[in-house]
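So the structure is just underneath, and the comments pick up after that.
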Amino acid sequence: MGNARYTHRLSTEGTVLAEMGVVQFLKAVWRFRDSLILVLAPILFSSILYLYPGKESRCGYVILVMGAFWVSEAVPLPVTSLIPVFAFPLLGILSTEEVCVVYMKETTIMFLGGIIIAIAVESCNLHERIALKVLLVVGQSLRRLMAGFMLTTTVLSMWMSNTATTVVMIPIVEAILKALFTKNVPTAKRKISPACNGTKGVTGLLVKGKSQVVTVNGDTYPLHQRSYNNPTFTLGPSDSDTSLEMTEMYGGSGGVKVKGDDVEGARVVNNNNNINNNNEEPNDDPVRNALLATVMYSANLGGTGVLTGTATNLVFKSFLDSTYSEPTGLNFLTWMLFNVPGLILCAFLAWVWLQVRFLGLFCVKKKGQIMDTSEERKIAVKKVVEEKYLALGPIRSQEKGVLALFGTLVFLWLFRAPEFIDGWAKIFYDAYGVKVNSATPAMLLFFLFFALPAKLNFWCFKRPGGKVRNTANNNSYMTWDEVQQKVPWGMVMLLGGGFAMAEGAKVSGLSRMVGEQLHGFVWVHPTIIVLVVTFMTTMMTEIASNTATTSILLPVLNELALKMRVNPLYLMLPCTVASSFAFMLPVGNPPNAIIFGVSKMKAADMVKTGIVMNIMCVLVVNLMINTLGMALFDLNTMPAWVNSTIVS
């Protein structure tokens, strides 16, 4: 018997030691995961070179290795994007010259033009002025503040990077939260006329229909509710003022009976002011998270509104331009006509959902715990926003100039070749036979930002008695140092890597081979495929770069569409838009990471909130492509431009 116990103990200890060994091993593996991926991924994927010899498999090998590095971030994303420069020539897929050219395509220059515009807007604080002005106009209640932040962040992130937009909005959110939750905000005094008789000189502190403190002849007593069905104070309708019905209650000190009549000076405050006997700090977490999540989601959504809003949009445009020689119907204007209505719908649903999630909309129990902003708090918030707005001073000539140049660029982009009319680019095509694309006006405006004076303080524009211009300052709208520091050069490399990958897949025949393997999906209804692809894309971009994900999926979807005899836009356009719907994880995109760092949300809370956003936005983009998209791009018919495939 003793031997059996001893043997069992040894077995148990051995199991524990074995489990500890496994845990330590897994920790070591996790610690060196990047090095393991760098070594193992090329080795494991090399098997396809022997199983399927040919140019297609060699290109597929490079794409698989890049995909593993992109997902794991074993090396920085921009560094992974440069792999085709040496891998494609060494594997006989493309020459070095052919690979390097695609890293600086017309689409990349257009992307840089959009970034330069954003830098100019940021350098003169025009974006902050716009944000504060919108908040002043929309109002200061919680719902209006959320709507104001959503509107401002969405519009700014259409033209600026979502990271810069998020960084700009966070200090404004923090200032407003401070105004909302600062204690001892002066409260308005109202005359409260109850319907019953009682002792004169009784004042009460009303909080969401309950009195927590009552003062009788100068002595303050905490009040308690006698029973669940007998509240202390209840608010009811009155002709023109707040009405108070006071039932007989007992104070917590001395059992004082309290009834009131014509009570003067009672203060009506909000529950989230949380003024009580213990002077506890208010719990602002739900409101804080709601406002910050509003900024986070709208920053991600805004990039879908315009063609230059995010890199994935330009990856899509570049793929179409390099695959088909004839116009596909997708341009700056048609992109906005399709995506802006969907963007508005997604933003509205996000506004409603965040109120449900954090502010208790449609939930009476939870709603009673959340602040219904009092007039005093609204005044405090408005004062904070006004102070920040006034601190910017009157609008300067630099801001006016940036706004004028920005508007000019948008106009040139919209009407370059709108297709429903002859655009301005046709004038130059008819005159010289040269095609003018969107990068041309972008670089023209970029040049003007350095050539035109930002301040009109010279010649006849100089004010009498004004300061003498400092000749050391070039008086431009921005400096080259600003451009060098703020342009995301890593994103430029990432775009180029995606273009190189797509070019290699096309030249090697990999795209065609993958399309042939997808022949079994021809019998699946296209609507089902779009739904599956958009949801899959959204999930993939939670853990992988959206630019990399789009670069990998678009060639496959194009071949699948051709096999199914449907318009390629029907599959590729919603996939591209869905790649921006990464709302669940902090690593999904920069705004998620920034907001997660400054908010009090846990990762689980972000997942719970974000999964609903993912589902809603995926359903919206599916709705839009099957309604507005059908009418705008004539998706019911196979277009003639699919026969204009560019052969490399």
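For the structure tokens, the naming scheme is as follows: chains receive sequential letters (A, B, ...) according to their order of presentation, residues are indexed from 1 within each chain, and ligands are indexed from 1 in presentation order.
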
Report task. Can you check which residues of region 504-547 of chain A DSSP gives as helix (DSSP H, G or I) on the backbone and send them as an NGL selection string? Result -> :A and (504-508 or 510-523 or 526-540 or 546-547)

Skipping near chain neighbours, those fewer than 4 positions away, what residues fall within 8 Å of Asp34 (chain A) using only C-alpha atoms, listed as a JSON list (two decimals) with all heavy atoms, in the first residue's frame?
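Result file around_16.json:
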```json
[["chain", "number", "residue", "atom", "x", "y", "z"],
["A", 38, "LEU", "N", 11.46, 33.53, -39.04],
["A", 38, "LEU", "CA", 12.41, 33.92, -40.08],
["A", 38, "LEU", "C", 13.14, 32.72, -40.67],
["A", 38, "LEU", "O", 13.45, 32.68, -41.87],
["A", 38, "LEU", "CB", 13.43, 34.92, -39.50],
["A", 38, "LEU", "CG", 12.97, 36.36, -39.34],
["A", 38, "LEU", "CD1", 14.00, 37.17, -38.56],
["A", 38, "LEU", "CD2", 12.72, 36.99, -40.69],
["A", 72, "SER", "N", 3.14, 37.92, -39.10],
["A", 72, "SER", "CA", 3.86, 37.78, -37.82],
["A", 72, "SER", "C", 4.66, 39.02, -37.44],
["A", 72, "SER", "O", 5.01, 39.18, -36.27],
["A", 72, "SER", "CB", 4.81, 36.59, -37.91],
["A", 72, "SER", "OG", 5.81, 36.81, -38.89],
["A", 73, "GLU", "N", 4.95, 39.88, -38.44],
["A", 73, "GLU", "CA", 5.82, 41.04, -38.22],
["A", 73, "GLU", "C", 7.16, 40.61, -37.62],
["A", 73, "GLU", "O", 7.70, 41.26, -36.72],
["A", 73, "GLU", "CB", 5.14, 42.09, -37.35],
["A", 73, "GLU", "CG", 3.90, 42.69, -37.99],
["A", 73, "GLU", "CD", 3.35, 43.89, -37.23],
["A", 73, "GLU", "OE1", 4.16, 44.71, -36.76],
["A", 73, "GLU", "OE2", 2.13, 44.00, -37.11],
["A", 74, "ALA", "N", 7.66, 39.48, -38.12],
["A", 74, "ALA", "CA", 8.98, 39.03, -37.68],
["A", 74, "ALA", "C", 10.05, 40.05, -38.02],
["A", 74, "ALA", "O", 11.05, 40.18, -37.31],
["A", 74, "ALA", "CB", 9.30, 37.68, -38.33],
["A", 75, "VAL", "N", 9.86, 40.74, -39.10],
["A", 75, "VAL", "CA", 10.67, 41.92, -39.44],
["A", 75, "VAL", "C", 9.68, 43.05, -39.73],
["A", 75, "VAL", "O", 8.51, 42.79, -40.02],
["A", 75, "VAL", "CB", 11.59, 41.66, -40.65],
["A", 75, "VAL", "CG1", 12.68, 40.68, -40.30],
["A", 75, "VAL", "CG2", 10.79, 41.17, -41.84]]
```

Proximity of region 557-623 of chain A to region 160-173 of chain A: per-residue shortest pair, 8 Å limit, only C-alpha atoms, as a tab-separated table:
```
residue	atom	partner	partner_atom	distance
A:Pro590	CA	A:Thr163	CA	5.8
A:Pro591	CA	A:Thr163	CA	5.6
A:Ile594	CA	A:Thr166	CA	7.7
```

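Neighbouring residues of Val138 (chain A) at 10 Å or closer, counting only C-alpha atoms and skipping chain neighbours under 3 positions away, are A:Lys133, A:Val134, A:Leu135, A:Ser141, A:Arg143, A:Arg144, A:Leu145, A:Met146, A:Ala147, A:Gly148, A:Phe149, A:Leu151.
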
Convert the current residue selection to file output with N, CA and C atoms, as a PDB file, in the first residue's frame.
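The resulting file, out_26.pdb, is shown below:
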```pdb
ATOM      1  N   LYS A 133     -14.822  74.009 -34.289  1.00  0.00           N
ATOM      2  CA  LYS A 133     -15.993  74.720 -34.811  1.00  0.00           C
ATOM      3  C   LYS A 133     -17.182  73.768 -34.931  1.00  0.00           C
ATOM      4  N   VAL A 134     -16.939  72.562 -35.398  1.00  0.00           N
ATOM      5  CA  VAL A 134     -18.027  71.586 -35.522  1.00  0.00           C
ATOM      6  C   VAL A 134     -18.608  71.265 -34.153  1.00  0.00           C
ATOM      7  N   LEU A 135     -17.764  71.095 -33.149  1.00  0.00           N
ATOM      8  CA  LEU A 135     -18.243  70.787 -31.801  1.00  0.00           C
ATOM      9  C   LEU A 135     -19.063  71.933 -31.222  1.00  0.00           C
ATOM     10  N   SER A 141     -24.571  68.202 -25.464  1.00  0.00           N
ATOM     11  CA  SER A 141     -25.069  67.016 -24.768  1.00  0.00           C
ATOM     12  C   SER A 141     -24.215  65.827 -25.177  1.00  0.00           C
ATOM     13  N   ARG A 143     -24.935  62.932 -26.517  1.00  0.00           N
ATOM     14  CA  ARG A 143     -25.231  62.422 -27.851  1.00  0.00           C
ATOM     15  C   ARG A 143     -24.722  63.366 -28.920  1.00  0.00           C
ATOM     16  N   ARG A 144     -24.910  64.645 -28.706  1.00  0.00           N
ATOM     17  CA  ARG A 144     -24.443  65.622 -29.696  1.00  0.00           C
ATOM     18  C   ARG A 144     -22.916  65.674 -29.732  1.00  0.00           C
ATOM     19  N   LEU A 145     -22.279  65.522 -28.571  1.00  0.00           N
ATOM     20  CA  LEU A 145     -20.820  65.490 -28.551  1.00  0.00           C
ATOM     21  C   LEU A 145     -20.299  64.281 -29.329  1.00  0.00           C
ATOM     22  N   MET A 146     -20.932  63.133 -29.115  1.00  0.00           N
ATOM     23  CA  MET A 146     -20.530  61.946 -29.869  1.00  0.00           C
ATOM     24  C   MET A 146     -20.731  62.153 -31.364  1.00  0.00           C
ATOM     25  N   ALA A 147     -21.863  62.745 -31.727  1.00  0.00           N
ATOM     26  CA  ALA A 147     -22.112  63.017 -33.143  1.00  0.00           C
ATOM     27  C   ALA A 147     -21.094  64.010 -33.690  1.00  0.00           C
ATOM     28  N   GLY A 148     -20.747  65.018 -32.892  1.00  0.00           N
ATOM     29  CA  GLY A 148     -19.768  66.007 -33.330  1.00  0.00           C
ATOM     30  C   GLY A 148     -18.393  65.405 -33.527  1.00  0.00           C
ATOM     31  N   PHE A 149     -17.953  64.576 -32.581  1.00  0.00           N
ATOM     32  CA  PHE A 149     -16.662  63.916 -32.722  1.00  0.00           C
ATOM     33  C   PHE A 149     -16.663  62.966 -33.918  1.00  0.00           C
ATOM     34  N   LEU A 151     -18.545  63.145 -36.683  1.00  0.00           N
ATOM     35  CA  LEU A 151     -18.558  63.921 -37.923  1.00  0.00           C
ATOM     36  C   LEU A 151     -17.184  64.511 -38.210  1.00  0.00           C
TER      37      LEU A 151
END
```

Report task. Name all residues at most 9 Å from Tyr103 (chain A) (count only C-alpha atoms; drop same-chain ones fewer than 2 positions away) and give them as a PyMOL selection string. Result -> chain A and resi 99-101+105+108+492-500

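Once region 309-319 of chain A and its same-chain neighbours fewer than 6 positions away are set aside, Thr107, Met158, Trp159, Gly303 and Thr547 of chain A remain within 6 Å of it when counting only C-alpha atoms.
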
Written file, previous selection with N, CA, C and O atoms, as a short mmCIF file (atom, residue, chain, number, x, y, z; two decimals), in the first residue's frame:
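Output saved as out.cif:
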```cif
data_model
loop_
_atom_site.label_atom_id
_atom_site.label_comp_id
_atom_site.auth_asym_id
_atom_site.auth_seq_id
_atom_site.Cartn_x
_atom_site.Cartn_y
_atom_site.Cartn_z
N THR A 107 0.16 55.70 -58.83
CA THR A 107 -0.67 55.62 -57.63
C THR A 107 0.12 56.01 -56.38
O THR A 107 -0.42 56.64 -55.47
N MET A 158 -10.85 61.37 -43.85
CA MET A 158 -10.99 61.17 -45.30
C MET A 158 -9.79 61.75 -46.03
O MET A 158 -9.39 61.23 -47.09
N TRP A 159 -9.21 62.81 -45.49
CA TRP A 159 -8.15 63.52 -46.20
C TRP A 159 -6.81 63.44 -45.49
O TRP A 159 -5.77 63.67 -46.10
N GLY A 303 -11.43 56.73 -43.82
CA GLY A 303 -10.55 56.40 -44.93
C GLY A 303 -11.24 55.75 -46.11
O GLY A 303 -10.70 55.74 -47.22
N THR A 547 -3.14 46.58 -46.07
CA THR A 547 -2.53 46.75 -47.39
C THR A 547 -2.02 45.41 -47.93
O THR A 547 -2.24 45.07 -49.10
#
```

Requested in this report: List the neighbours of Pro89 (chain A) out to 12 Å using only C-alpha atoms; skip same-chain residues closer than 6 positions along the sequence, and give me the result as JSON, numbers by chain.
Outcome: {"A": [55, 58, 59, 62, 83, 95, 96, 97, 98, 99, 100, 500, 504]}

Query raised in the report: From the set A:Ile595, A:Val514, A:Leu49, A:Leu403, which residue has the shortest atom-to-atom contact distance to Glu122 (chain A), counting only C-alpha atoms?
Result: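 Ranking A:Ile595, A:Val514, A:Leu49, A:Leu403 by distance to Glu122 (chain A), first place goes to A:Leu403.
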
Report summary line: Counting only C-alpha atoms, the residue among A:Leu359, A:Leu557, A:Val530, A:Val384 that lies closest to Met624 (chain A) is A:Val530

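One finds CA of Glu387 (chain A) at 18.2 Å from CA of Glu375 (chain A).
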
Considering only C-alpha atoms, return as a PDB file with C-alpha atoms, in the first residue's frame whatever protein or nucleic-acid residues lie within 7 Å of Arg416 (chain A), sequence-local ones (same chain, fewer than 5 positions apart) excluded.
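The resulting file, around26.pdb, is reproduced below:
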```pdb
ATOM      1  CA  GLY A 423     -13.136  66.120 -67.775  1.00  0.00           C
ATOM      2  CA  TRP A 424     -10.389  68.716 -67.953  1.00  0.00           C
ATOM      3  CA  ALA A 425      -7.796  66.001 -68.693  1.00  0.00           C
TER       4      ALA A 425
END
```

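Taking CA of Pro555 (chain A) and CA of Lys506 (chain A) as endpoints, the distance between them is 8.0 Å.
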